[in-house]
Each structure stands twice: as structure tokens, then as C-alpha cells.
file coords31.txt (compact mmCIF, C-alpha atoms and all ligand atoms)
# COMPACT_ATOMS: atom_id res chain seq x y z
CA MET K 1 8.19 -7.07 -0.24
CA GLN K 2 5.97 -7.73 2.74
CA LYS K 3 4.61 -4.50 4.20
CA GLN K 4 5.38 -4.04 7.82
CA TYR K 5 3.13 -2.77 10.54
CA VAL K 6 5.33 -0.48 12.61
CA GLN K 7 4.25 1.19 15.79
CA ALA K 8 5.41 4.59 17.14
CA VAL K 9 8.90 4.43 15.80
CA LYS K 10 9.76 7.45 13.79
CA HIS K 11 9.27 11.08 13.02
CA GLU K 12 8.30 12.50 9.69
CA ASN K 13 7.84 16.17 8.94
CA ASP K 14 8.57 16.89 12.59
CA ARG K 15 5.66 14.73 13.70
CA GLN K 16 5.64 11.41 15.45
CA ILE K 17 4.10 8.55 13.55
CA ILE K 18 1.89 6.48 15.80
CA TRP K 19 1.74 3.59 13.40
CA GLU K 20 2.30 2.93 9.76
CA PHE K 21 1.41 0.13 7.41
CA GLY K 22 2.66 0.40 3.86
CA THR K 23 1.46 3.81 2.67
CA ARG K 24 -0.93 4.15 5.59
CA CYS K 25 0.06 5.94 8.71
CA CYS K 26 -1.23 7.96 11.60
CA TYR K 27 0.52 10.97 13.10
CA ARG K 28 0.26 11.83 16.77
CA GLY K 29 -2.33 14.49 17.35
CA ASP K 30 -3.98 14.22 13.94
CA ASN K 31 -6.96 12.32 15.14
CA GLU K 32 -6.92 10.77 18.59
CA ASN K 33 -9.50 8.14 17.64
CA LEU K 34 -7.40 6.93 14.78
CA MET K 35 -4.56 6.31 17.18
CA LYS K 36 -6.58 3.48 18.63
CA MET K 37 -7.49 1.96 15.30
CA HIS K 38 -5.89 -1.04 13.74
CA PRO K 39 -4.24 -0.09 10.44
CA LEU K 40 -6.13 -2.76 8.59
CA GLY K 41 -9.42 -1.35 9.82
CA SER K 42 -11.62 0.79 7.67
CA GLY K 43 -10.68 4.12 9.25
CA VAL K 44 -7.74 5.03 7.10
CA ASN K 45 -7.25 4.63 3.38
CA THR K 46 -3.89 6.03 2.53
CA ARG K 47 -1.33 8.21 4.21
CA ASN K 48 -3.03 11.35 5.53
CA GLN K 49 -6.40 10.37 4.13
CA PHE K 50 -8.43 10.09 7.26
CA ILE K 51 -12.01 9.31 8.01
CA GLY K 52 -14.01 12.50 8.14
CA GLN K 53 -12.05 14.07 5.28
CA LYS K 54 -15.24 14.55 3.32
CA GLU K 55 -16.61 16.72 6.11
CA LYS K 56 -13.53 18.93 6.26
CA SER K 57 -14.54 22.29 4.92
CA LEU K 58 -11.67 22.77 2.47
CA SER K 59 -11.70 19.27 0.94
CA GLY K 60 -11.61 19.35 -2.84
CA LYS K 61 -11.52 23.17 -2.98
CA ARG K 62 -9.20 25.22 -5.16
CA ILE K 63 -7.37 28.02 -3.42
CA GLY K 64 -5.40 30.59 -5.36
CA ILE K 65 -2.33 32.06 -3.73
CA PHE K 66 -1.66 35.54 -5.04
CA GLY K 67 0.61 38.46 -4.38
CA LYS K 68 3.40 40.46 -5.90
CA GLY K 69 6.59 38.76 -7.05
CA GLY K 70 8.80 37.81 -4.14
CA SER K 71 6.08 38.35 -1.51
CA GLY K 72 6.18 34.66 -0.58
CA LYS K 73 3.49 32.95 -2.68
CA SER K 74 5.55 29.82 -3.26
CA THR K 75 6.71 29.76 0.36
CA VAL K 76 3.18 30.07 1.73
CA THR K 77 1.87 27.56 -0.81
CA VAL K 78 4.37 24.94 0.36
CA LEU K 79 3.96 25.68 4.08
CA LEU K 80 0.16 25.66 3.80
CA ALA K 81 0.27 22.43 1.81
CA GLU K 82 2.39 20.70 4.45
CA VAL K 83 0.18 21.80 7.34
CA LEU K 84 -3.06 21.04 5.48
CA ASN K 85 -1.62 17.66 4.55
CA ASN K 86 -0.81 16.95 8.19
CA SER K 87 -4.36 17.95 9.09
CA GLY K 88 -5.66 15.14 6.90
CA TYR K 89 -6.40 16.89 3.61
CA LYS K 90 -5.31 15.36 0.34
CA ILE K 91 -3.30 18.11 -1.27
CA CYS K 92 -2.23 19.01 -4.73
CA ILE K 93 -0.13 22.03 -5.67
CA LEU K 94 -0.53 23.42 -9.14
CA ASP K 95 2.44 25.58 -10.08
CA ALA K 96 0.90 28.23 -12.31
CA ASP K 97 3.73 30.74 -12.09
CA SER K 98 5.81 30.41 -15.23
CA THR K 99 8.67 32.16 -13.46
CA ASN K 100 8.81 29.87 -10.43
CA ILE K 101 12.05 28.03 -10.06
CA GLY K 102 12.63 25.59 -7.24
CA LEU K 103 9.09 24.99 -6.05
CA ASN K 104 9.82 21.28 -6.41
CA ASN K 105 12.94 21.64 -4.24
CA ALA K 106 10.97 23.52 -1.61
CA LEU K 107 8.69 20.46 -1.46
CA GLY K 108 11.63 18.06 -1.37
CA ILE K 109 10.95 16.81 -4.91
CA GLU K 110 14.09 16.36 -6.97
CA ASP K 111 12.81 17.13 -10.47
CA PRO K 112 9.79 19.22 -11.46
CA PRO K 113 7.08 17.33 -13.35
CA THR K 114 6.59 17.87 -17.09
CA PRO K 115 4.23 20.83 -17.61
CA MET K 116 0.56 20.09 -18.28
CA MET K 117 0.87 22.42 -21.28
CA GLU K 118 2.64 19.52 -22.99
CA TYR K 119 -0.08 17.08 -21.93
CA PHE K 120 -2.61 19.29 -23.73
CA GLY K 121 -0.38 19.37 -26.80
CA GLY K 122 0.71 22.97 -26.30
CA MET K 123 -0.96 26.15 -27.51
CA ILE K 124 -3.51 26.13 -30.28
CA PHE K 125 -0.91 27.65 -32.65
CA SER K 126 1.27 24.60 -32.20
CA GLY K 127 -1.60 22.19 -32.73
CA GLY K 128 -2.56 21.80 -29.08
CA LEU K 129 -5.70 22.46 -27.10
CA VAL K 130 -4.69 25.42 -24.98
CA THR K 131 -6.10 28.79 -25.92
CA CYS K 132 -5.78 32.11 -24.15
CA PRO K 133 -8.60 32.68 -21.66
CA VAL K 134 -8.91 36.35 -22.59
CA ASP K 135 -9.80 35.52 -26.19
CA ASP K 136 -11.59 32.31 -25.43
CA PRO K 137 -13.73 32.09 -22.29
CA THR K 138 -14.73 28.46 -22.91
CA PRO K 139 -13.32 25.82 -20.57
CA LEU K 140 -10.29 23.82 -21.57
CA SER K 141 -11.51 20.43 -22.75
CA GLY K 142 -10.26 17.41 -20.82
CA SER K 143 -9.37 19.55 -17.83
CA LYS K 144 -10.80 17.09 -15.30
CA ILE K 145 -7.74 15.01 -14.52
CA TYR K 146 -7.60 11.71 -12.66
CA LEU K 147 -4.13 11.16 -11.26
CA ASP K 148 -4.27 7.39 -11.70
CA GLU K 149 -4.90 7.88 -15.42
CA LEU K 150 -2.34 10.67 -15.88
CA PRO K 151 1.09 9.56 -17.16
CA GLU K 152 3.54 9.72 -14.27
CA LYS K 153 5.83 12.32 -15.81
CA TYR K 154 3.13 14.97 -15.35
CA TYR K 155 3.03 14.79 -11.57
CA ALA K 156 5.35 14.22 -8.65
CA GLN K 157 4.79 13.50 -5.00
CA ASN K 158 6.86 14.47 -2.02
CA ARG K 159 7.54 12.37 1.07
CA SER K 160 4.45 13.56 2.87
CA GLY K 161 2.26 12.70 -0.11
CA ILE K 162 1.69 16.19 -1.55
CA THR K 163 1.18 16.06 -5.31
CA LEU K 164 2.81 18.67 -7.57
CA LEU K 165 1.72 19.57 -11.09
CA THR K 166 3.08 22.35 -13.27
CA ALA K 167 0.86 24.33 -15.65
CA GLY K 168 3.58 25.51 -18.00
CA LYS K 169 6.89 27.27 -18.26
CA ILE K 170 7.64 30.20 -20.53
CA GLY K 171 8.67 29.36 -24.05
CA LYS K 172 8.90 25.61 -23.56
CA GLU K 173 5.90 24.54 -25.59
CA GLY K 174 6.21 26.51 -28.76
CA PRO K 175 4.47 29.58 -30.14
CA GLY K 176 1.96 31.22 -27.87
CA ALA K 177 3.24 29.41 -24.82
CA GLY K 178 5.52 32.32 -24.07
CA CYS K 179 2.90 34.37 -22.27
CA ASP K 180 1.03 33.69 -19.09
CA GLY K 181 -2.48 33.61 -20.59
CA PRO K 182 -2.43 29.95 -21.67
CA ILE K 183 -0.80 28.95 -18.38
CA SER K 184 -3.55 30.68 -16.46
CA LYS K 185 -6.11 28.93 -18.65
CA ILE K 186 -4.76 25.59 -17.45
CA ALA K 187 -4.63 26.84 -13.87
CA ARG K 188 -8.15 28.19 -14.13
CA ASP K 189 -9.73 25.03 -15.50
CA LEU K 190 -7.70 22.07 -14.25
CA LYS K 191 -9.61 19.95 -11.71
CA ILE K 192 -7.39 17.30 -10.17
CA HIS K 193 -8.98 14.15 -8.78
CA ASP K 194 -7.97 10.87 -7.34
CA GLN K 195 -10.30 7.96 -6.70
CA GLY K 196 -11.53 9.61 -3.51
CA GLY K 197 -12.67 12.74 -5.37
CA PRO K 198 -11.20 16.16 -6.08
CA LEU K 199 -8.02 17.11 -4.23
CA LEU K 200 -7.64 20.32 -2.24
CA THR K 201 -5.61 22.24 -4.80
CA LEU K 202 -3.37 25.17 -3.94
CA ILE K 203 -2.60 27.20 -7.04
CA ASP K 204 0.60 29.18 -6.96
CA PHE K 205 -0.17 32.04 -9.38
CA LYS K 206 2.10 34.67 -10.76
CA ALA K 207 -0.62 37.26 -10.26
CA GLY K 208 -4.33 37.27 -9.85
CA PHE K 209 -6.85 37.67 -7.17
CA GLU K 210 -8.67 35.09 -5.17
CA ALA K 211 -8.68 33.60 -1.75
CA VAL K 212 -5.27 34.18 -0.21
CA VAL K 213 -3.21 37.29 -0.93
CA ILE K 214 0.31 37.45 0.44
CA VAL K 215 1.38 40.86 1.64
CA ASP K 216 5.03 41.50 2.40
CA PRO K 217 6.00 44.78 4.01
CA THR K 218 5.93 46.92 0.87
CA TYR K 219 3.69 49.70 -0.43
CA ALA K 220 3.06 47.69 -3.63
CA ALA K 221 1.78 44.70 -1.69
CA VAL K 222 -0.61 46.83 0.37
CA GLU K 223 -1.97 48.46 -2.81
CA MET K 224 -2.41 45.06 -4.44
CA ALA K 225 -4.39 43.79 -1.45
CA VAL K 226 -6.64 46.87 -1.55
CA ASN K 227 -7.12 46.47 -5.30
CA MET K 228 -8.15 42.83 -4.96
CA ARG K 229 -10.48 43.55 -2.08
CA ASP K 230 -12.17 46.33 -4.11
CA THR K 231 -12.55 44.17 -7.22
CA ILE K 232 -14.11 41.43 -5.15
CA GLU K 233 -16.53 43.92 -3.58
CA GLN K 234 -17.62 44.88 -7.08
CA ILE K 235 -18.18 41.28 -8.02
CA LYS K 236 -20.21 40.69 -4.90
CA LYS K 237 -22.41 43.60 -5.88
CA GLY K 238 -23.01 41.85 -9.17
CA ASN K 239 -20.88 44.19 -11.29
CA ARG K 240 -18.67 42.51 -13.78
CA PRO K 241 -15.16 43.40 -12.74
CA ALA K 242 -13.49 46.17 -14.68
CA THR K 243 -10.53 44.52 -16.28
CA GLN K 244 -9.48 47.07 -18.91
CA HIS K 245 -6.96 48.54 -16.52
CA LEU K 246 -5.36 45.22 -15.70
CA GLU K 247 -2.20 44.47 -17.58
CA ASP K 248 -1.86 40.88 -16.57
CA ALA K 249 -3.88 38.45 -18.66
CA SER K 250 -4.09 35.91 -15.86
CA LEU K 251 -5.58 38.53 -13.56
CA VAL K 252 -8.30 39.32 -16.10
CA ALA K 253 -9.02 35.66 -16.74
CA VAL K 254 -9.29 34.75 -13.11
CA ALA K 255 -11.47 37.77 -12.42
CA HIS K 256 -13.94 36.75 -15.10
CA GLN K 257 -13.92 33.09 -14.20
CA ILE K 258 -14.60 33.77 -10.56
CA PHE K 259 -17.34 36.16 -11.54
CA GLU K 260 -18.93 33.57 -13.82
CA GLU K 261 -18.84 30.89 -11.18
CA ALA K 262 -20.06 33.32 -8.49
CA ARG K 263 -17.89 31.54 -6.01
CA ILE K 264 -16.13 34.54 -4.63
CA LYS K 265 -15.49 34.43 -0.93
CA GLY K 266 -13.30 37.45 -0.55
CA ALA K 267 -9.62 38.10 -0.45
CA LEU K 268 -8.01 36.69 2.65
CA ILE K 269 -4.86 38.57 3.48
CA VAL K 270 -1.75 36.96 4.95
CA LEU K 271 1.24 39.03 6.06
CA ASN K 272 4.60 37.47 5.29
CA LYS K 273 8.28 38.11 5.90
CA ILE K 274 7.62 40.28 8.93
CA SER K 275 10.91 40.74 10.70
CA LYS K 276 10.28 43.31 13.40
CA LYS K 277 7.49 44.39 15.69
CA ASP K 278 7.55 47.99 14.46
CA VAL K 279 7.31 46.84 10.82
CA GLU K 280 4.36 44.64 11.78
CA ARG K 281 2.63 47.52 13.59
CA TYR K 282 3.22 49.91 10.71
CA LEU K 283 1.96 47.45 8.08
CA GLN K 284 -1.11 46.58 10.20
CA ALA K 285 -1.87 50.30 10.55
CA ARG K 286 -1.61 50.89 6.78
CA LEU K 287 -3.95 47.96 6.10
CA ASP K 288 -6.30 49.02 8.88
CA GLU K 289 -6.61 52.47 7.30
CA ARG K 290 -7.81 50.75 4.14
CA GLY K 291 -10.24 48.51 6.03
CA ILE K 292 -8.20 45.31 5.67
CA GLN K 293 -7.91 42.81 8.47
CA PRO K 294 -5.28 40.10 7.79
CA ILE K 295 -6.17 36.53 8.77
CA GLY K 296 -2.63 35.70 9.76
CA ILE K 297 1.01 36.60 9.88
CA ILE K 298 4.17 34.67 9.06
CA HIS K 299 7.37 36.11 10.43
CA ASP K 300 10.68 36.29 8.64
CA TYR K 301 12.50 33.06 9.42
CA SER K 302 16.10 32.55 8.48
CA ALA K 303 15.46 28.81 8.09
CA ILE K 304 13.05 29.65 5.24
CA THR K 305 15.55 32.00 3.60
CA PHE K 306 18.30 29.38 3.83
CA SER K 307 16.10 26.61 2.45
CA TRP K 308 15.45 28.72 -0.66
CA LEU K 309 19.08 29.73 -0.83
CA ASN K 310 20.21 26.12 -0.84
CA GLY K 311 17.38 24.67 -2.93
CA MET K 312 16.29 22.53 0.01
CA ARG K 313 12.93 21.38 1.25
CA LEU K 314 11.20 23.97 3.43
CA THR K 315 10.76 22.94 7.02
CA ILE K 316 7.52 23.82 8.72
CA THR K 317 8.86 23.77 12.27
CA GLU K 318 9.24 27.48 12.98
CA ALA K 319 6.19 28.73 11.12
CA HIS K 320 4.00 25.76 12.05
CA ASP K 321 1.72 27.47 14.54
CA GLU K 322 1.32 30.56 12.37
CA ILE K 323 0.38 28.43 9.38
CA LEU K 324 -2.00 26.31 11.45
CA HIS K 325 -3.73 29.51 12.53
CA ILE K 326 -4.14 30.48 8.86
CA VAL K 327 -5.52 27.02 8.04
CA LYS K 328 -8.13 27.41 10.78
CA GLU K 329 -9.08 30.85 9.44
CA LEU K 330 -9.42 29.42 5.93
CA GLU K 331 -11.60 26.61 7.21
CA ALA K 332 -13.74 29.06 9.16
CA ALA K 333 -14.09 31.33 6.11
CA GLU K 334 -15.10 28.37 3.96
CA SER K 335 -17.62 26.96 6.40
CA THR K 336 -19.36 30.30 6.92
CA TYR K 337 -19.61 30.82 3.18
CA VAL K 338 -23.03 30.17 1.63
CA GLN K 339 -22.80 28.80 -1.89
CA PRO K 340 -24.87 30.98 -4.20
CA LYS K 341 -27.47 29.35 -6.43
CA THR K 342 -26.01 28.40 -9.80
CA LYS K 343 -27.42 30.37 -12.66
N1 LIG I 401 8.47 33.88 5.90
C1 LIG I 401 9.65 34.06 5.29
N2 LIG I 401 10.78 34.16 6.02
C2 LIG I 401 11.97 34.37 5.43
N3 LIG I 401 12.15 34.47 4.10
C3 LIG I 401 11.07 34.37 3.31
C4 LIG I 401 9.76 34.14 3.85
N4 LIG I 401 8.88 34.08 2.82
C5 LIG I 401 9.60 34.25 1.69
N5 LIG I 401 10.91 34.43 1.99
C6 LIG I 401 12.01 34.72 1.05
O1 LIG I 401 11.49 35.46 -0.03
C7 LIG I 401 11.89 34.88 -1.25
C8 LIG I 401 10.73 34.92 -2.23
O2 LIG I 401 9.73 34.04 -1.76
P1 LIG I 401 8.83 33.23 -2.78
O3 LIG I 401 7.96 32.36 -1.97
O4 LIG I 401 9.66 32.59 -3.83
O5 LIG I 401 8.00 34.44 -3.41
P2 LIG I 401 7.02 34.44 -4.68
O6 LIG I 401 6.62 33.02 -4.95
O7 LIG I 401 5.85 35.30 -4.26
O8 LIG I 401 7.78 35.08 -5.80
C9 LIG I 401 12.35 33.47 -0.93
O9 LIG I 401 13.44 33.15 -1.71
C10 LIG I 401 12.69 33.49 0.52
O10 LIG I 401 14.06 33.67 0.68
MG MG I 402 6.89 31.81 -6.60
call {"tool": "encode", "arguments": {"input": "coords31.txt", "output": "C-alpha cells", "more": "lines below"}}
Ligand SMILES: Nc1ncnc2c1ncn2[C@@H]1O[C@H](COP(=O)(O)OP(=O)(O)O)[C@@H](O)[C@H]1O
Ligand SMILES: [Mg+2]
result
Amino acid sequence: MQKQYVQAVKHENDRQIIWEFGTRCCYRGDNENLMKMHPLGSGVNTRNQFIGQKEKSLSGKRIGIFGKGGSGKSTVTVLLAEVLNNSGYKICILDADSTNIGLNNALGIEDPPTPMMEYFGGMIFSGGLVTCPVDDPTPLSGSKIYLDELPEKYYAQNRSGITLLTAGKIGKEGPGAGCDGPISKIARDLKIHDQGGPLLTLIDFKAGFEAVVIVDPTYAAVEMAVNMRDTIEQIKKGNRPATQHLEDASLVAVAHQIFEEARIKGALIVLNKISKKDVERYLQARLDERGIQPIGIIHDYSAITFSWLNGMRLTITEAHDEILHIVKELEAAESTYVQPKTK
């Protein structure tokens, strides 16, 4: 079918499309210069892949989203992905929480993709490649993935072009795949590329510690944030993180990996599900006492609750400005970060 060049006709993801041509499009406000460009010009490659993407500070990075169960990791992952996608990043979400159900629905994707655990042939016990990172610190072989070479069943894309991959689900891939270690091995090592280079990958972990920690208004969430901040401080000082006390294998694995790669930037704290001003003040005060300054806050929105309740795609409308603020903080944190010399 002949592709049609359409000008300023519709809205997608609550944003007005200035023009679109096949898979290419330009949203109002994304980049004013692009609004003037002809779609067949060299400025745009594919939907949301704008000129200047290479210079964007988060391009191709991997960001782990951590926090206690139910704090809002999946919610924040999806909302961040949508806003980052609208800002011109090419986004991939890697679902590394074996207990997640409905992340695909929250993205507006009907069926979840087949887990990458299957792609790697399962755990080593069942003849596959995946080991447990605690026993085996070596990287997973073949973990650099090019989407155009990956069989389609292993990834899905939503309407705005966000790619979803799943690391593994409990018990699906035979012996040894019933614990989170092998799943975190995949999450730790998988590097997802397309022809333009590595994608900005948001990793929705069950537990762990890097980059963005979601804190809901609970004592447990505050303690987890403090714990992560302290572990990161130790790493920055050059101490190998103490992991004996950690029960979760994925937490240990991620701690060691980040230490090895010396890429630690610090735990960035995001408050979520804040319903009332007094709760917000109280939580801020508790974090302040422990020397933690959150980079952003997402309020409790009934539209988000209802989307999860009905298995529907999350809308970014209400939380948009709060998420955009968090994106800007992430970009600022990344661009002020000096990459240490590799050993
Ligand atoms: N900002 C929010 N506003 C309202 N409800 C939220 C918000 N964030 C999360 N929730 C609710 O909390 C539940 C758990 O969120 P989820 O993202 O699945 O947590 P996690 O992935 O950390 O287990 C969701 O089902 C949703 O109803
Ligand atoms: Mg989740």
C-alpha cells in the first residue's frame, strides 16, 4: 500500500502529530526544527528517532528500576518509557521481574513476548546457556542482541514504538529457571541494539539497586532507599559491596556487576503513590533525616490504579509533567557523570 504523507491530523499518546509518513512522524513540541522539515528529508529516520538522538545524554544507556514489591516499578517504567520515547529516545523495556503480570497490557501490548530465557535455551541444567550470576560471574554469551536478527516472538512493540522484551518467568523454562538468579543474569548482560545502535533500556527488576529507586510511602521503602544509597557509597569508595547479608540473588549479582563495571552513578530516588500533602511532607522528612533528596515525585492517580485494575494501557496525561521532570533530572545526572577509566 502506498504510504501517505499526512499533515497535522491526529493525536497519539495525547500529543498532536505534525506530520507522518509511513512509520515516520513528528510530534508537536518535540523538536521545533523538525516541524519545518519535509518527511523525506534526512532529519528523521523512524518514528521518534530524531536527529540529535546521539547527543542525548541517556541514549543507549541501561537504567534499572528498583524498589519493593508494589512500590510502582512497573508503573514508573512504563510512564518513563512513554515520556522518554516522546522526547525522541529509542526505548526498550526489559521485564526482569519474574512476578510481573500485565506489564504488556500497561504498554498497550496484547500478548507478552516469549521470554529470552527460552531464546538462550533455558538454564544450564536444561541444556541452555543461562547460569546463575552468583555462581558464575562471566557474561552470558550472545547477550548482544540485534532486534532485526531476533525472531519476532521474543519482542513486541507498542503503538508508540516502545519495544518490550521479557527475561524469564518463574518455572517456565525447566529446572533452575524457577529462581530469580538466571533471570537477573539475562537482565544484567542483555544489550539490545537496533541498526542505529544500543537502545535506551529500562529494566524493570524485582529487586536490586541501581539508578532509579521507587519509594512509596512505607517504612520498608525508605529503608531500602537508605540501604541502596549506603551500598553505592561503599562502591564509590572502592570497597566491594558486602553482599553476604543480601537474600536476593539478583541484588547480589547487580551489586557485583555494577562494581566491576565501575559505572555507578548513585541511587536516584523517586517518590510514588503520594496521595496527600501531609504524607508527602512526612515521607520527605524521613528521607531528609537520612540524607536522601528525591529527584521527583509521582502522585497517586486514580487513572493509573484503574488502568492496572482493568489491564489497560497506562495513560501518561496526569503524571506527564512529573515524569518529564524526572526525565530531566536523569539526563542532568547522566551528563554530569564522569565515566571512570576502564581497568
Ligand atoms: N502513581 C500511582 N498512582 C496510583 N496507583 C499507583 C501508582 N503507582 C502504582 N500504583 C498502583 O500500585 C500497584 C503496584 O504498582 P506496580 O507498578 O505494579 O508495582 P511494582 O512493579 O513495584 O510491583 C498498581 O497496581 C497500581 O494500582
Ligand atoms: Mg512490577
call {"tool": "residues_near_ligand", "arguments": {"input": "coords31.txt", "ligand": "ligand LIG 401 (chain I)", "cutoff": "7 Å", "atoms": "only C-alpha atoms and all ligand atoms", "output": "list in words"}}
result
Gly67, Lys68, Gly69, Gly70, Ser71, Gly72, Lys73, Ser74, Thr75, Val76, Asn100, Asn272, Lys273, Ile298, His299, Asp300, Tyr301, Ser302, Ile304, Thr305, Phe306, Trp308 and Leu309 of chain K
call {"tool": "closest_residue", "arguments": {"input": "coords31.txt", "among": "K:Met228, K:Leu199, K:Ala187, K:Leu287", "to": "Ser98 of chain K", "atoms": "only C-alpha atoms"}}
result
K:Ala187
call {"tool": "residues_around", "arguments": {"input": "coords31.txt", "residues": "Leu165 of chain K", "least_positions_apart": "3", "cutoff": "9 Å", "atoms": "all atoms listed in the file", "output": "ChimeraX atom specification"}}
result
/K:92-96,112-116,154-156
call {"tool": "atom_distance", "arguments": {"input": "coords31.txt", "atom1": "atom CA of Tyr146 of chain K", "atom2": "atom CA of Thr201 of chain K"}}
result
13.3 Å
call {"tool": "atom_distance", "arguments": {"input": "coords31.txt", "atom1": "atom CA of Ser57 of chain K", "atom2": "atom CA of Ala267 of chain K"}}
result
17.4 Å
call {"tool": "residues_around", "arguments": {"input": "coords31.txt", "residues": "Lys61 of chain K", "least_positions_apart": "6", "cutoff": "12 Å", "atoms": "all atoms listed in the file", "output": "ChimeraX atom specification"}}
result
/K:54,89-93,190-193,197-203,211,263,330-331,334-335
call {"tool": "closest_residue", "arguments": {"input": "coords31.txt", "among": "K:Val270, K:Ala319, K:Leu103, K:Leu324", "to": "ligand MG 402 (chain I)", "atoms": "all atoms listed in the file"}}
result
K:Leu103
call {"tool": "closest_residue", "arguments": {"input": "coords31.txt", "among": "K:Thr99, K:Thr131, K:Ser126, K:Ser141", "to": "Lys169 of chain K", "atoms": "only C-alpha atoms"}}
result
K:Thr99
call {"tool": "closest_residue", "arguments": {"input": "coords31.txt", "among": "K:Met117, K:Leu79, K:Cys132, K:Ala106", "to": "Glu322 of chain K", "atoms": "all atoms listed in the file"}}
result
K:Leu79
call {"tool": "residues_around", "arguments": {"input": "coords31.txt", "residues": "Pro139 of chain K", "least_positions_apart": "4", "cutoff": "9 Å", "atoms": "only C-alpha atoms", "output": "list in words"}}
result
Pro133, Ser143, Lys185, Arg188 and Asp189 of chain K
call {"tool": "write_last_selection", "arguments": {"input": "coords31.txt", "atoms": "C-alpha atoms", "output": "JSON list (two decimals), keeping the file's coordinate frame"}}
result
[["chain", "number", "residue", "atom", "x", "y", "z"],
["K", 133, "PRO", "CA", -8.60, 32.68, -21.66],
["K", 143, "SER", "CA", -9.37, 19.55, -17.83],
["K", 185, "LYS", "CA", -6.11, 28.93, -18.65],
["K", 188, "ARG", "CA", -8.15, 28.19, -14.13],
["K", 189, "ASP", "CA", -9.73, 25.03, -15.50]]
call {"tool": "residues_around", "arguments": {"input": "coords31.txt", "residues": "Val213 of chain K", "least_positions_apart": "2", "cutoff": "12 Å", "atoms": "all atoms listed in the file", "output": "JSON, numbers by chain"}}
result
{"K": [63, 64, 65, 66, 67, 68, 69, 71, 72, 73, 74, 76, 77, 203, 204, 205, 206, 207, 208, 209, 210, 211, 215, 216, 221, 222, 223, 224, 225, 226, 227, 228, 229, 266, 267, 268, 269, 270, 271, 272, 292, 293, 294, 295, 296, 297, 326]}
call {"tool": "atom_distance", "arguments": {"input": "coords31.txt", "atom1": "atom CA of Glu318 of chain K", "atom2": "atom CA of Val83 of chain K"}}
result
12.1 Å
call {"tool": "closest_residue", "arguments": {"input": "coords31.txt", "among": "K:Ala285, K:Ile214, K:Ile232, K:Leu140", "to": "ligand MG 402 (chain I)", "atoms": "all atoms listed in the file"}}
result
K:Ile214
